[in-house]
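Engineer: Supplied structure: coords.cif, mmCIF, C-alpha atoms and all ligand atoms.
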```cif
data_structure
loop_
_atom_site.label_atom_id
_atom_site.label_comp_id
_atom_site.auth_asym_id
_atom_site.auth_seq_id
_atom_site.Cartn_x
_atom_site.Cartn_y
_atom_site.Cartn_z
CA MET A 1 69.39 3.77 83.51
CA GLN A 2 72.81 2.20 83.19
CA PHE A 3 75.05 1.16 86.07
CA SER A 4 78.19 0.12 84.23
CA TYR A 5 81.35 2.10 83.54
CA THR A 6 82.85 2.65 80.12
CA GLN A 7 86.25 1.15 79.36
CA ASP A 8 87.69 4.70 79.40
CA GLN A 9 86.29 5.27 82.90
CA GLN A 10 87.73 1.98 84.16
CA ASP A 11 91.11 2.78 82.63
CA ILE A 12 91.26 6.29 84.05
CA ARG A 13 90.25 5.05 87.52
CA ALA A 14 93.04 2.45 87.46
CA LYS A 15 95.57 5.04 86.28
CA VAL A 16 94.58 7.55 88.95
CA ARG A 17 94.74 4.84 91.63
CA GLU A 18 98.25 3.87 90.53
CA PHE A 19 99.37 7.51 90.42
CA ALA A 20 97.88 8.21 93.87
CA LEU A 21 99.57 5.17 95.43
CA THR A 22 102.98 5.65 93.85
CA LYS A 23 103.33 9.44 93.68
CA MET A 24 101.08 10.84 96.41
CA GLU A 25 100.90 8.22 99.14
CA PRO A 26 104.65 8.19 100.01
CA THR A 27 104.59 11.90 100.94
CA SER A 28 101.02 12.22 102.22
CA GLU A 29 101.96 12.05 105.92
CA GLU A 30 104.83 14.49 105.62
CA ARG A 31 102.80 16.96 103.54
CA ASP A 32 100.03 16.80 106.14
CA GLU A 33 102.43 17.27 109.06
CA PHE A 34 104.25 20.25 107.52
CA GLU A 35 101.27 21.71 105.59
CA ARG A 36 103.27 21.39 102.39
CA PHE A 37 101.47 22.12 99.13
CA ASP A 38 103.17 20.12 96.37
CA ARG A 39 102.88 21.83 92.99
CA ASP A 40 104.49 18.82 91.30
CA ILE A 41 101.32 16.83 92.02
CA PHE A 42 99.17 19.37 90.15
CA ASP A 43 101.73 19.46 87.32
CA SER A 44 101.52 15.66 86.99
CA ILE A 45 97.72 15.78 87.10
CA GLY A 46 97.93 18.26 84.22
CA GLU A 47 100.30 16.04 82.25
CA PHE A 48 97.91 13.11 82.62
CA GLY A 49 95.09 15.32 81.31
CA TRP A 50 93.06 15.28 84.54
CA SER A 51 93.05 19.04 85.19
CA GLY A 52 90.35 19.70 82.60
CA ILE A 53 88.48 16.41 82.26
CA PRO A 54 84.98 17.75 81.42
CA TRP A 55 85.98 20.59 79.06
CA PRO A 56 86.08 20.20 75.29
CA GLN A 57 89.41 19.28 73.73
CA GLY A 58 89.33 22.53 71.73
CA LEU A 59 89.52 24.36 75.06
CA GLY A 60 92.44 22.25 76.25
CA GLY A 61 90.26 19.77 78.14
CA GLY A 62 89.82 16.04 78.09
CA GLY A 63 86.48 16.05 76.26
CA SER A 64 85.06 13.71 78.87
CA ASP A 65 82.25 14.15 81.43
CA PHE A 66 81.50 15.03 85.06
CA LEU A 67 81.05 11.40 86.08
CA THR A 68 84.63 10.60 85.05
CA TYR A 69 85.73 13.79 86.80
CA ALA A 70 83.96 12.69 90.03
CA MET A 71 85.71 9.31 89.86
CA VAL A 72 89.08 11.03 89.58
CA ILE A 73 88.40 13.28 92.60
CA GLU A 74 87.25 10.22 94.56
CA GLU A 75 90.36 8.18 93.73
CA LEU A 76 92.73 11.06 94.54
CA SER A 77 90.92 11.74 97.84
CA ARG A 78 91.03 8.05 98.75
CA VAL A 79 94.76 8.61 99.22
CA CYS A 80 95.05 12.38 99.81
CA ALA A 81 91.96 14.55 100.41
CA SER A 82 94.04 17.74 100.11
CA THR A 83 94.78 16.90 96.49
CA GLY A 84 91.09 16.11 95.97
CA VAL A 85 89.93 19.54 97.11
CA MET A 86 92.72 21.30 95.21
CA LEU A 87 91.49 19.77 91.95
CA SER A 88 87.81 20.12 92.83
CA VAL A 89 88.04 23.88 93.44
CA HIS A 90 90.20 24.27 90.33
CA THR A 91 87.70 22.40 88.13
CA SER A 92 84.17 22.62 89.57
CA LEU A 93 84.40 26.22 90.75
CA ALA A 94 87.08 28.24 88.97
CA SER A 95 87.24 26.51 85.56
CA TRP A 96 83.47 25.86 85.43
CA ALA A 97 82.68 29.55 85.95
CA ILE A 98 84.94 30.55 83.06
CA HIS A 99 83.68 27.72 80.85
CA THR A 100 80.05 28.71 81.49
CA TYR A 101 80.22 32.51 81.63
CA GLY A 102 83.54 33.44 79.99
CA THR A 103 84.01 35.18 76.65
CA ASP A 104 85.96 33.35 73.94
CA ALA A 105 88.99 35.47 74.80
CA GLN A 106 88.70 34.63 78.52
CA LYS A 107 88.42 30.93 77.69
CA GLN A 108 91.55 31.06 75.55
CA THR A 109 93.54 33.13 78.03
CA TYR A 110 92.46 31.38 81.24
CA LEU A 111 90.47 28.19 80.77
CA PHE A 112 92.83 26.69 78.18
CA PRO A 113 95.95 26.79 80.39
CA MET A 114 93.88 25.77 83.42
CA ALA A 115 92.53 22.74 81.59
CA GLN A 116 96.09 21.88 80.54
CA GLY A 117 97.34 22.09 84.12
CA LYS A 118 99.55 25.10 83.40
CA LYS A 119 97.52 27.43 85.64
CA LEU A 120 95.76 26.62 88.89
CA GLY A 121 92.37 28.14 89.75
CA ALA A 122 90.76 29.42 92.96
CA TYR A 123 87.35 30.75 94.00
CA CYS A 124 86.93 33.71 96.35
CA LEU A 125 83.51 34.24 97.91
CA THR A 126 83.82 33.98 101.72
CA GLU A 127 84.58 37.06 103.83
CA SER A 128 84.83 37.68 107.56
CA GLU A 129 81.17 38.70 107.81
CA SER A 130 79.98 36.62 104.90
CA GLY A 131 80.15 32.82 105.09
CA SER A 132 76.80 31.06 104.79
CA ASP A 133 75.23 34.46 104.11
CA ALA A 134 77.00 35.41 100.88
CA GLY A 135 74.70 38.45 100.56
CA ALA A 136 76.60 40.15 103.41
CA MET A 137 79.65 40.54 101.18
CA ARG A 138 81.60 43.81 101.54
CA THR A 139 84.34 43.67 98.91
CA THR A 140 83.66 46.37 96.31
CA ALA A 141 84.54 46.86 92.65
CA THR A 142 84.38 50.45 91.38
CA LYS A 143 84.50 51.15 87.67
CA GLU A 144 87.31 53.52 86.68
CA GLY A 145 87.86 53.98 82.97
CA ASP A 146 88.47 50.62 81.36
CA ALA A 147 89.10 48.87 84.67
CA TYR A 148 87.55 48.09 88.06
CA LEU A 149 89.26 48.88 91.35
CA LEU A 150 88.70 46.05 93.84
CA ASN A 151 88.87 46.75 97.58
CA GLY A 152 88.23 44.38 100.46
CA SER A 153 89.32 40.91 101.53
CA LYS A 154 88.40 37.26 101.09
CA LEU A 155 88.99 34.47 103.58
CA PHE A 156 89.68 30.73 103.44
CA VAL A 157 90.62 30.69 99.77
CA THR A 158 91.58 27.14 98.76
CA ASN A 159 94.68 27.18 96.52
CA GLY A 160 95.25 30.77 97.73
CA GLY A 161 98.76 31.99 96.99
CA GLU A 162 99.47 28.98 94.77
CA ALA A 163 96.81 29.62 92.13
CA GLU A 164 97.36 31.85 89.11
CA VAL A 165 93.65 32.52 88.42
CA TYR A 166 91.14 33.77 91.04
CA ILE A 167 87.39 34.07 90.52
CA VAL A 168 86.50 36.98 92.81
CA PHE A 169 83.02 38.21 93.72
CA ALA A 170 82.52 41.89 94.58
CA ILE A 171 79.77 44.47 94.95
CA THR A 172 79.55 46.85 91.96
CA ASP A 173 76.55 48.87 93.13
CA ALA A 174 76.43 49.49 96.87
CA GLN A 175 73.01 51.18 96.53
CA ASN A 176 71.42 47.98 95.25
CA LYS A 177 73.45 45.27 96.98
CA SER A 178 71.12 42.37 96.27
CA LYS A 179 71.45 42.84 92.50
CA SER A 180 74.95 44.12 92.24
CA CYS A 181 77.34 41.29 92.93
CA THR A 182 79.71 40.84 89.98
CA ALA A 183 82.34 38.19 89.21
CA PHE A 184 85.91 38.97 88.09
CA ILE A 185 88.90 37.00 86.91
CA VAL A 186 91.88 38.23 88.91
CA GLU A 187 95.38 37.09 88.05
CA LYS A 188 98.24 36.45 90.44
CA GLY A 189 100.62 39.37 90.02
CA MET A 190 97.97 42.02 89.41
CA GLN A 191 98.85 45.14 91.35
CA GLY A 192 96.90 45.42 94.61
CA LEU A 193 96.30 41.68 95.06
CA ILE A 194 97.94 40.82 98.37
CA PHE A 195 98.28 37.35 99.84
CA GLY A 196 97.63 37.27 103.58
CA THR A 197 97.76 34.65 106.29
CA LYS A 198 97.87 30.96 105.45
CA GLU A 199 95.52 29.09 107.78
CA ASN A 200 96.80 26.32 110.08
CA LYS A 201 94.02 23.77 109.81
CA LEU A 202 92.61 20.64 111.46
CA GLY A 203 92.53 18.72 108.19
CA ILE A 204 93.34 18.86 104.47
CA ARG A 205 96.53 20.47 105.69
CA SER A 206 98.53 20.09 102.49
CA SER A 207 96.02 22.19 100.57
CA THR A 208 96.57 25.90 101.11
CA THR A 209 93.78 28.02 102.60
CA MET A 210 94.62 31.70 102.56
CA GLU A 211 93.34 35.20 103.10
CA LEU A 212 93.45 37.52 100.06
CA ARG A 213 93.35 41.32 100.26
CA PHE A 214 92.51 43.73 97.49
CA GLU A 215 93.90 47.23 97.84
CA ASP A 216 92.88 49.27 94.81
CA CYS A 217 93.50 46.11 92.83
CA ARG A 218 93.14 47.18 89.19
CA VAL A 219 91.32 44.57 87.15
CA PRO A 220 90.77 45.26 83.42
CA ALA A 221 87.07 45.51 82.46
CA ASP A 222 87.77 42.66 80.00
CA ASN A 223 88.26 40.44 83.07
CA ARG A 224 84.71 40.91 84.28
CA LEU A 225 83.12 37.46 84.17
CA GLY A 226 79.55 37.68 82.92
CA PRO A 227 77.42 40.83 83.12
CA GLU A 228 77.41 43.23 86.07
CA GLY A 229 74.95 42.02 88.70
CA GLU A 230 75.22 38.33 87.70
CA GLY A 231 77.88 37.50 90.29
CA PHE A 232 75.61 36.07 92.94
CA ARG A 233 74.01 33.71 90.43
CA ILE A 234 77.45 32.65 89.12
CA ALA A 235 78.65 32.05 92.69
CA MET A 236 75.63 29.92 93.65
CA ARG A 237 75.57 27.92 90.41
CA SER A 238 79.30 27.23 90.77
CA LEU A 239 78.68 25.88 94.27
CA ASP A 240 75.89 23.59 92.97
CA GLY A 241 78.48 21.81 90.84
CA GLY A 242 81.23 22.19 93.45
CA ARG A 243 79.19 20.02 95.79
CA ILE A 244 79.59 17.10 93.40
CA GLY A 245 83.36 17.45 93.78
CA ILE A 246 83.09 17.62 97.59
CA ALA A 247 80.73 14.61 97.65
CA ALA A 248 83.31 12.70 95.56
CA GLN A 249 86.06 13.86 97.91
CA ALA A 250 84.10 12.65 100.95
CA THR A 251 83.36 9.32 99.27
CA GLY A 252 87.09 8.88 98.62
CA ILE A 253 87.92 9.75 102.24
CA GLY A 254 85.43 7.14 103.51
CA GLN A 255 86.84 4.52 101.16
CA GLY A 256 90.40 5.42 102.17
CA ALA A 257 89.53 5.00 105.86
CA LEU A 258 88.02 1.58 105.17
CA ASP A 259 91.11 0.59 103.14
CA ALA A 260 93.31 1.66 106.06
CA LEU A 261 91.21 -0.30 108.53
CA VAL A 262 91.44 -3.47 106.42
CA ALA A 263 95.21 -2.96 106.10
CA TYR A 264 95.48 -2.48 109.87
CA GLN A 265 93.57 -5.68 110.50
CA GLU A 266 95.87 -7.61 108.18
CA GLN A 267 99.10 -6.00 109.40
CA TYR A 268 98.43 -6.51 113.09
CA GLY A 269 96.66 -9.83 112.71
CA VAL A 270 93.62 -8.56 114.56
CA ARG A 271 91.30 -11.44 115.29
CA ARG A 272 88.27 -11.31 113.03
CA SER A 273 85.06 -11.12 114.92
CA GLU A 274 81.39 -10.55 114.28
CA LEU A 275 81.93 -6.96 115.37
CA PHE A 276 84.52 -6.40 112.62
CA ASP A 277 82.39 -8.11 109.99
CA ALA A 278 79.34 -6.04 110.94
CA SER A 279 81.37 -2.81 110.95
CA PHE A 280 83.09 -3.48 107.61
CA SER A 281 79.85 -4.30 105.86
CA GLU A 282 78.04 -1.30 107.34
CA MET A 283 80.86 1.06 106.37
CA ALA A 284 81.03 -0.37 102.84
CA THR A 285 77.26 0.01 102.49
CA HIS A 286 77.33 3.68 103.49
CA ILE A 287 80.29 4.39 101.20
CA GLU A 288 78.51 2.74 98.27
CA GLY A 289 75.38 4.82 98.97
CA ALA A 290 77.44 8.02 98.90
CA ARG A 291 79.16 6.90 95.70
CA LEU A 292 75.89 6.27 93.91
CA LEU A 293 74.38 9.60 95.00
CA THR A 294 77.52 11.39 93.84
CA TYR A 295 77.61 9.63 90.50
CA GLN A 296 73.92 10.32 89.97
CA ALA A 297 74.45 14.07 90.42
CA ALA A 298 77.55 13.99 88.18
CA TRP A 299 75.72 12.00 85.52
CA ARG A 300 72.79 14.45 85.52
CA LYS A 301 75.20 17.35 85.14
CA SER A 302 76.88 15.66 82.18
CA LYS A 303 73.50 15.05 80.55
CA GLY A 304 72.44 18.69 80.92
CA LEU A 305 69.70 17.79 83.43
CA SER A 306 69.02 19.76 86.63
CA TYR A 307 71.42 18.64 89.34
CA GLY A 308 71.29 21.18 92.21
CA LYS A 309 69.11 19.05 94.47
CA GLN A 310 71.01 15.82 93.71
CA ALA A 311 74.36 17.55 94.30
CA ALA A 312 73.23 18.95 97.66
CA ILE A 313 71.86 15.54 98.73
CA ALA A 314 75.08 13.82 97.65
CA LYS A 315 77.25 16.37 99.51
CA LEU A 316 75.14 16.12 102.68
CA PHE A 317 75.06 12.32 102.71
CA ALA A 318 78.66 11.73 101.62
CA SER A 319 80.20 14.21 104.08
CA ASP A 320 78.17 12.86 107.02
CA MET A 321 79.09 9.35 105.89
CA ALA A 322 82.81 10.23 105.74
CA VAL A 323 82.84 11.54 109.31
CA LYS A 324 80.91 8.52 110.63
CA VAL A 325 83.03 5.97 108.76
CA CYS A 326 86.29 7.64 109.84
CA LEU A 327 85.18 7.80 113.49
CA ARG A 328 84.31 4.12 113.36
CA ALA A 329 87.64 3.29 111.72
CA VAL A 330 89.55 5.13 114.47
CA GLN A 331 87.48 3.34 117.12
CA LEU A 332 88.13 -0.09 115.61
CA CYS A 333 91.87 0.56 115.42
CA GLY A 334 91.88 1.27 119.16
CA VAL A 335 94.79 3.30 120.48
CA TRP A 336 96.66 2.92 117.16
CA GLY A 337 93.81 4.83 115.52
CA CYS A 338 94.67 7.85 117.66
CA LEU A 339 98.34 7.90 116.64
CA LYS A 340 99.75 10.14 113.91
CA GLU A 341 101.27 7.11 112.18
CA SER A 342 97.79 5.67 111.56
CA LYS A 343 96.22 6.92 108.38
CA VAL A 344 92.74 6.81 109.89
CA GLU A 345 93.66 9.68 112.20
CA ARG A 346 94.37 11.89 109.15
CA TYR A 347 91.26 10.71 107.31
CA LEU A 348 89.10 11.66 110.29
CA ARG A 349 90.62 15.17 110.40
CA ASP A 350 90.22 15.51 106.63
CA ALA A 351 86.60 14.32 106.69
CA LYS A 352 85.34 17.01 109.06
CA VAL A 353 85.69 19.95 106.70
CA THR A 354 83.56 18.28 104.01
CA GLN A 355 80.58 19.02 106.31
CA ILE A 356 81.52 22.70 106.37
CA TYR A 357 82.77 24.06 103.05
CA GLU A 358 80.85 24.78 99.84
CA GLY A 359 77.78 25.32 102.03
CA THR A 360 77.62 23.82 105.51
CA ASN A 361 75.40 20.78 105.94
CA GLU A 362 72.86 22.96 107.77
CA ILE A 363 72.68 25.07 104.60
CA GLN A 364 72.42 21.90 102.44
CA ARG A 365 69.30 20.93 104.40
CA ILE A 366 67.77 24.34 103.62
CA VAL A 367 68.74 24.06 99.94
CA ILE A 368 67.31 20.54 99.62
CA SER A 369 64.04 21.34 101.35
CA ARG A 370 63.56 24.52 99.25
CA LEU A 371 64.14 22.56 96.04
CA LEU A 372 61.81 19.77 97.16
CA LEU A 373 59.09 22.28 98.01
CA SER A 374 59.51 24.10 94.69
CA GLU A 375 59.00 20.76 92.90
CA THR A 376 55.71 20.14 94.68
CA THR A 377 54.23 23.64 94.34
C1 LIG B 1 89.36 24.41 104.62
C2 LIG B 1 88.41 25.40 104.06
C3 LIG B 1 88.48 25.78 102.73
C4 LIG B 1 87.61 26.74 102.21
N1 LIG B 1 87.74 27.13 100.91
C5 LIG B 1 86.99 28.16 100.44
C6 LIG B 1 87.20 28.69 99.13
O1 LIG B 1 88.03 28.19 98.35
N2 LIG B 1 86.50 29.78 98.74
C7 LIG B 1 85.55 30.36 99.56
O2 LIG B 1 84.93 31.34 99.14
N3 LIG B 1 85.32 29.88 100.81
C8 LIG B 1 86.02 28.80 101.26
N4 LIG B 1 85.80 28.30 102.54
C9 LIG B 1 84.80 28.94 103.38
C10 LIG B 1 83.58 28.06 103.60
O3 LIG B 1 82.85 27.91 102.41
C11 LIG B 1 82.79 28.67 104.75
O4 LIG B 1 83.53 28.41 105.91
C12 LIG B 1 81.39 28.11 104.87
O5 LIG B 1 80.60 28.60 103.83
C13 LIG B 1 80.74 28.47 106.20
O6 LIG B 1 80.86 29.81 106.48
P1 LIG B 1 81.34 30.28 107.94
O7 LIG B 1 82.56 29.49 108.28
O8 LIG B 1 81.47 31.76 107.93
O9 LIG B 1 80.20 29.84 108.91
P2 LIG B 1 78.88 30.66 109.30
O10 LIG B 1 78.12 31.05 108.09
O11 LIG B 1 79.27 31.74 110.25
O12 LIG B 1 78.05 29.53 110.07
C14 LIG B 1 78.39 29.13 111.41
C15 LIG B 1 77.41 28.02 111.79
O13 LIG B 1 76.06 28.51 111.72
C16 LIG B 1 75.30 27.69 110.85
N5 LIG B 1 74.35 28.51 110.07
C17 LIG B 1 74.62 29.65 109.40
N6 LIG B 1 73.49 30.11 108.80
C18 LIG B 1 72.53 29.23 109.09
C19 LIG B 1 71.13 29.13 108.77
N7 LIG B 1 70.55 30.05 107.99
N8 LIG B 1 70.44 28.10 109.24
C20 LIG B 1 71.02 27.14 110.02
N9 LIG B 1 72.33 27.19 110.37
C21 LIG B 1 73.07 28.21 109.92
C22 LIG B 1 76.32 27.05 109.90
O14 LIG B 1 75.81 25.85 109.36
C23 LIG B 1 77.48 26.81 110.84
O15 LIG B 1 77.28 25.65 111.56
C24 LIG B 1 86.63 27.32 103.05
C25 LIG B 1 86.54 26.91 104.40
C26 LIG B 1 87.40 25.97 104.90
C27 LIG B 1 87.28 25.58 106.35
#
```
I need this file expressed as structure tokens, please.
Ligand SMILES: Cc1cc2nc3c(=O)[nH]c(=O)nc-3n(C[C@H](O)[C@H](O)[C@H](O)COP(=O)(O)OP(=O)(O)OC[C@H]3O[C@@H](n4cnc5c(N)ncnc54)[C@H](O)[C@@H]3O)c2cc1C
Structural biologist:
Amino acid sequence: MQFSYTQDQQDIRAKVREFALTKMEPTSEERDEFERFDRDIFDSIGEFGWSGIPWPQGLGGGGSDFLTYAMVIEELSRVCASTGVMLSVHTSLASWAIHTYGTDAQKQTYLFPMAQGKKLGAYCLTESESGSDAGAMRTTATKEGDAYLLNGSKLFVTNGGEAEVYIVFAITDAQNKSKSCTAFIVEKGMQGLIFGTKENKLGIRSSTTMELRFEDCRVPADNRLGPEGEGFRIAMRSLDGGRIGIAAQATGIGQGALDALVAYQEQYGVRRSELFDASFSEMATHIEGARLLTYQAAWRKSKGLSYGKQAAIAKLFASDMAVKVCLRAVQLCGVWGCLKESKVERYLRDAKVTQIYEGTNEIQRIVISRLLLSETT
């Protein structure tokens, strides 16, 4: 076991930190207030080579690993959690699914430009009747000649409307629903793909969350991702890895709240007390625990080891940590912590959703206990 970072990892962390502070921080409040998605940020991330960190260079990626990727999500989220989730969904969910299940042609057409930051990805699983219970999905895909006709709708799609590439899950055999979920790559601009309402959210307000409707949306059969009936497995395996991104996002939010609290203390000359010392050290300890759990899951993924349990544990711990740390930070800032001008107010709002998406924390507990039991039987 090794607990040191490579020079490359240290360099990339420093670069991301500088980028986040100089290019993202100045507009973070305004983007949050007006729910403004800033495509320039994703373009810059692409130019730096951070939009495809774990994919091979031959596929347009950075040829690096998931640990480095987790560090990047953490550092971005430390300043702006909306940017963190935008990149996490793009990489861990959309790009990963194509990298793992895509044909060579699909990788060239979609993954390559995604890894280069030329196309943004999204992942469409949730529906009105199908959140935690993905099996209740209703969107259908009916084969017609050399295409599938998609009908139905998806909710809460991160990067919705902004993304060019959508991984969509639909039922291909209504008679045998449990075995018939299939994944598709749907492109922005395909006829019958309609962008619906953009959600007005509590937190991560500068990431877009949108409803998508499919009305006889004609998707070429070549855009089916993996075999028919493999969709549910693709969806669940994507979420296993996605949870590493969300754990990294939550770790960054917790760290950002602590940074803001320290800055507040210095700016307002708040008298240091035993209470502050105890709170700082407790917050830092919990953040470090989340970081290590996240990095462990990311490291296992990079090494080709099983990581589902570690990712769920990291997501559960880090998201609960983020909410607790942010609540404490608001409390310690007193009334200032409740004002819009205080960053801790935004961090608290951003932290909450990490307990909900990519499997709520109630679902994480079920996942973890099932995996633990399967190890002992
Ligand atoms: C900002 C945001 C972005 C999102 N982005 C995406 C995205 O990009 N793509 C996508 O597909 N989805 C996305 N989602 C949807 C998200 O993944 C779902 O909201 C989440 O899976 C929970 O589903 P639900 O909201 O329908 O809650 P429900 O499933 O209705 O659950 C409601 C409550 O019941 C609890 N519960 C449900 N089942 C059980 C059980 N078996 N045991 C114990 N408790 C249970 C849940 O934990 C929760 O507390 C996003 C959501 C948000 C808020």
Engineer: Quick one: residues within 8 Å of segment 321-333 of chain A, all atoms listed in the file counted, chain neighbours fewer than 3 positions away excluded, as a PyMOL selection string?
Structural biologist: chain A and resi 250-251+253-254+257-258+261+264+276+279+283+286-287+290+317-318+336-338+344-345+347-348+351-352
Engineer: Check every protein, DNA and RNA residue against ligand LIG 1 (chain B), keep those with an atom at most 8 Å away (counting only C-alpha atoms and all ligand atoms), and present them as a VMD selection string.
Structural biologist: chain A and resid 89 122 to 133 154 to 160 201 203 to 204 209 353 356 to 363 366
Engineer: Residues near Arg36 of chain A, anyone? I mean within 8 Å using only C-alpha atoms, not counting same-chain ones fewer than 4 positions away, as a ChimeraX atom specification.
Structural biologist: /A:30-32,205-207
Engineer: Just give me the gap between atom CA of Gly145 of chain A and atom CA of Glu187 of chain A in Å, one decimal is fine.
Structural biologist: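 So the two atoms, atom CA of Gly145 of chain A and atom CA of Glu187 of chain A, lie 19.2 Å apart.
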Engineer: Which residues are close to Gly161 of chain A, i.e. within 12 Å by only C-alpha atoms, leaving aside same-chain residues fewer than 3 positions away? Reply as an MDAnalysis selection string.
Structural biologist: chainID A and resid 37 39 120:124 156:158 164:166 187:189 193:199 207:213
Engineer: What does the file look like for those residues with C-alpha atoms, as an mmCIF file, in the frame of the given file?
Structural biologist:
```
data_model
loop_
_atom_site.group_PDB
_atom_site.id
_atom_site.type_symbol
_atom_site.label_atom_id
_atom_site.label_comp_id
_atom_site.auth_asym_id
_atom_site.auth_seq_id
_atom_site.Cartn_x
_atom_site.Cartn_y
_atom_site.Cartn_z
ATOM 1 C CA PHE A 37 101.470 22.120 99.130
ATOM 2 C CA ARG A 39 102.880 21.830 92.990
ATOM 3 C CA LEU A 120 95.760 26.620 88.890
ATOM 4 C CA GLY A 121 92.370 28.140 89.750
ATOM 5 C CA ALA A 122 90.760 29.420 92.960
ATOM 6 C CA TYR A 123 87.350 30.750 94.000
ATOM 7 C CA CYS A 124 86.930 33.710 96.350
ATOM 8 C CA PHE A 156 89.680 30.730 103.440
ATOM 9 C CA VAL A 157 90.620 30.690 99.770
ATOM 10 C CA THR A 158 91.580 27.140 98.760
ATOM 11 C CA GLU A 164 97.360 31.850 89.110
ATOM 12 C CA VAL A 165 93.650 32.520 88.420
ATOM 13 C CA TYR A 166 91.140 33.770 91.040
ATOM 14 C CA GLU A 187 95.380 37.090 88.050
ATOM 15 C CA LYS A 188 98.240 36.450 90.440
ATOM 16 C CA GLY A 189 100.620 39.370 90.020
ATOM 17 C CA LEU A 193 96.300 41.680 95.060
ATOM 18 C CA ILE A 194 97.940 40.820 98.370
ATOM 19 C CA PHE A 195 98.280 37.350 99.840
ATOM 20 C CA GLY A 196 97.630 37.270 103.580
ATOM 21 C CA THR A 197 97.760 34.650 106.290
ATOM 22 C CA LYS A 198 97.870 30.960 105.450
ATOM 23 C CA GLU A 199 95.520 29.090 107.780
ATOM 24 C CA SER A 207 96.020 22.190 100.570
ATOM 25 C CA THR A 208 96.570 25.900 101.110
ATOM 26 C CA THR A 209 93.780 28.020 102.600
ATOM 27 C CA MET A 210 94.620 31.700 102.560
ATOM 28 C CA GLU A 211 93.340 35.200 103.100
ATOM 29 C CA LEU A 212 93.450 37.520 100.060
ATOM 30 C CA ARG A 213 93.350 41.320 100.260
#
```
Engineer: Generate the missing atoms of segment 183-193 of chain A up to N, CA, C and O atoms and report them as a PDB file, in the frame of the given file.
Structural biologist:
```pdb
ATOM      1  N   ALA A 183      81.182  39.094  89.152  1.00  0.00           N
ATOM      2  CA  ALA A 183      82.340  38.190  89.210  1.00  0.00           C
ATOM      3  C   ALA A 183      83.495  38.746  88.360  1.00  0.00           C
ATOM      4  O   ALA A 183      83.257  39.344  87.298  1.00  0.00           O
ATOM      5  N   PHE A 184      84.709  38.515  88.808  1.00  0.00           N
ATOM      6  CA  PHE A 184      85.910  38.970  88.090  1.00  0.00           C
ATOM      7  C   PHE A 184      86.945  37.852  88.039  1.00  0.00           C
ATOM      8  O   PHE A 184      87.005  37.016  88.946  1.00  0.00           O
ATOM      9  N   ILE A 185      87.735  37.892  86.991  1.00  0.00           N
ATOM     10  CA  ILE A 185      88.900  37.000  86.910  1.00  0.00           C
ATOM     11  C   ILE A 185      90.123  37.834  87.294  1.00  0.00           C
ATOM     12  O   ILE A 185      90.482  38.784  86.590  1.00  0.00           O
ATOM     13  N   VAL A 186      90.714  37.484  88.433  1.00  0.00           N
ATOM     14  CA  VAL A 186      91.880  38.230  88.910  1.00  0.00           C
ATOM     15  C   VAL A 186      93.099  37.319  88.789  1.00  0.00           C
ATOM     16  O   VAL A 186      93.041  36.145  89.174  1.00  0.00           O
ATOM     17  N   GLU A 187      94.168  37.895  88.251  1.00  0.00           N
ATOM     18  CA  GLU A 187      95.380  37.090  88.050  1.00  0.00           C
ATOM     19  C   GLU A 187      96.401  37.354  89.144  1.00  0.00           C
ATOM     20  O   GLU A 187      96.563  38.497  89.576  1.00  0.00           O
ATOM     21  N   LYS A 188      97.098  36.288  89.523  1.00  0.00           N
ATOM     22  CA  LYS A 188      98.240  36.450  90.440  1.00  0.00           C
ATOM     23  C   LYS A 188      99.199  37.456  89.796  1.00  0.00           C
ATOM     24  O   LYS A 188      99.449  37.373  88.583  1.00  0.00           O
ATOM     25  N   GLY A 189      99.678  38.387  90.561  1.00  0.00           N
ATOM     26  CA  GLY A 189     100.620  39.370  90.020  1.00  0.00           C
ATOM     27  C   GLY A 189      99.961  40.688  89.689  1.00  0.00           C
ATOM     28  O   GLY A 189     100.654  41.689  89.461  1.00  0.00           O
ATOM     29  N   MET A 190      98.619  40.736  89.660  1.00  0.00           N
ATOM     30  CA  MET A 190      97.970  42.020  89.410  1.00  0.00           C
ATOM     31  C   MET A 190      98.240  42.931  90.597  1.00  0.00           C
ATOM     32  O   MET A 190      98.155  42.483  91.756  1.00  0.00           O
ATOM     33  N   GLN A 191      98.506  44.204  90.289  1.00  0.00           N
ATOM     34  CA  GLN A 191      98.850  45.140  91.350  1.00  0.00           C
ATOM     35  C   GLN A 191      97.679  45.289  92.325  1.00  0.00           C
ATOM     36  O   GLN A 191      96.525  45.436  91.884  1.00  0.00           O
ATOM     37  N   GLY A 192      97.961  45.235  93.611  1.00  0.00           N
ATOM     38  CA  GLY A 192      96.900  45.420  94.610  1.00  0.00           C
ATOM     39  C   GLY A 192      96.298  44.124  95.104  1.00  0.00           C
ATOM     40  O   GLY A 192      95.467  44.133  96.003  1.00  0.00           O
ATOM     41  N   LEU A 193      96.722  42.990  94.526  1.00  0.00           N
ATOM     42  CA  LEU A 193      96.300  41.680  95.060  1.00  0.00           C
ATOM     43  C   LEU A 193      97.373  41.239  96.050  1.00  0.00           C
ATOM     44  O   LEU A 193      98.530  41.026  95.668  1.00  0.00           O
TER      45      LEU A 193
END
```
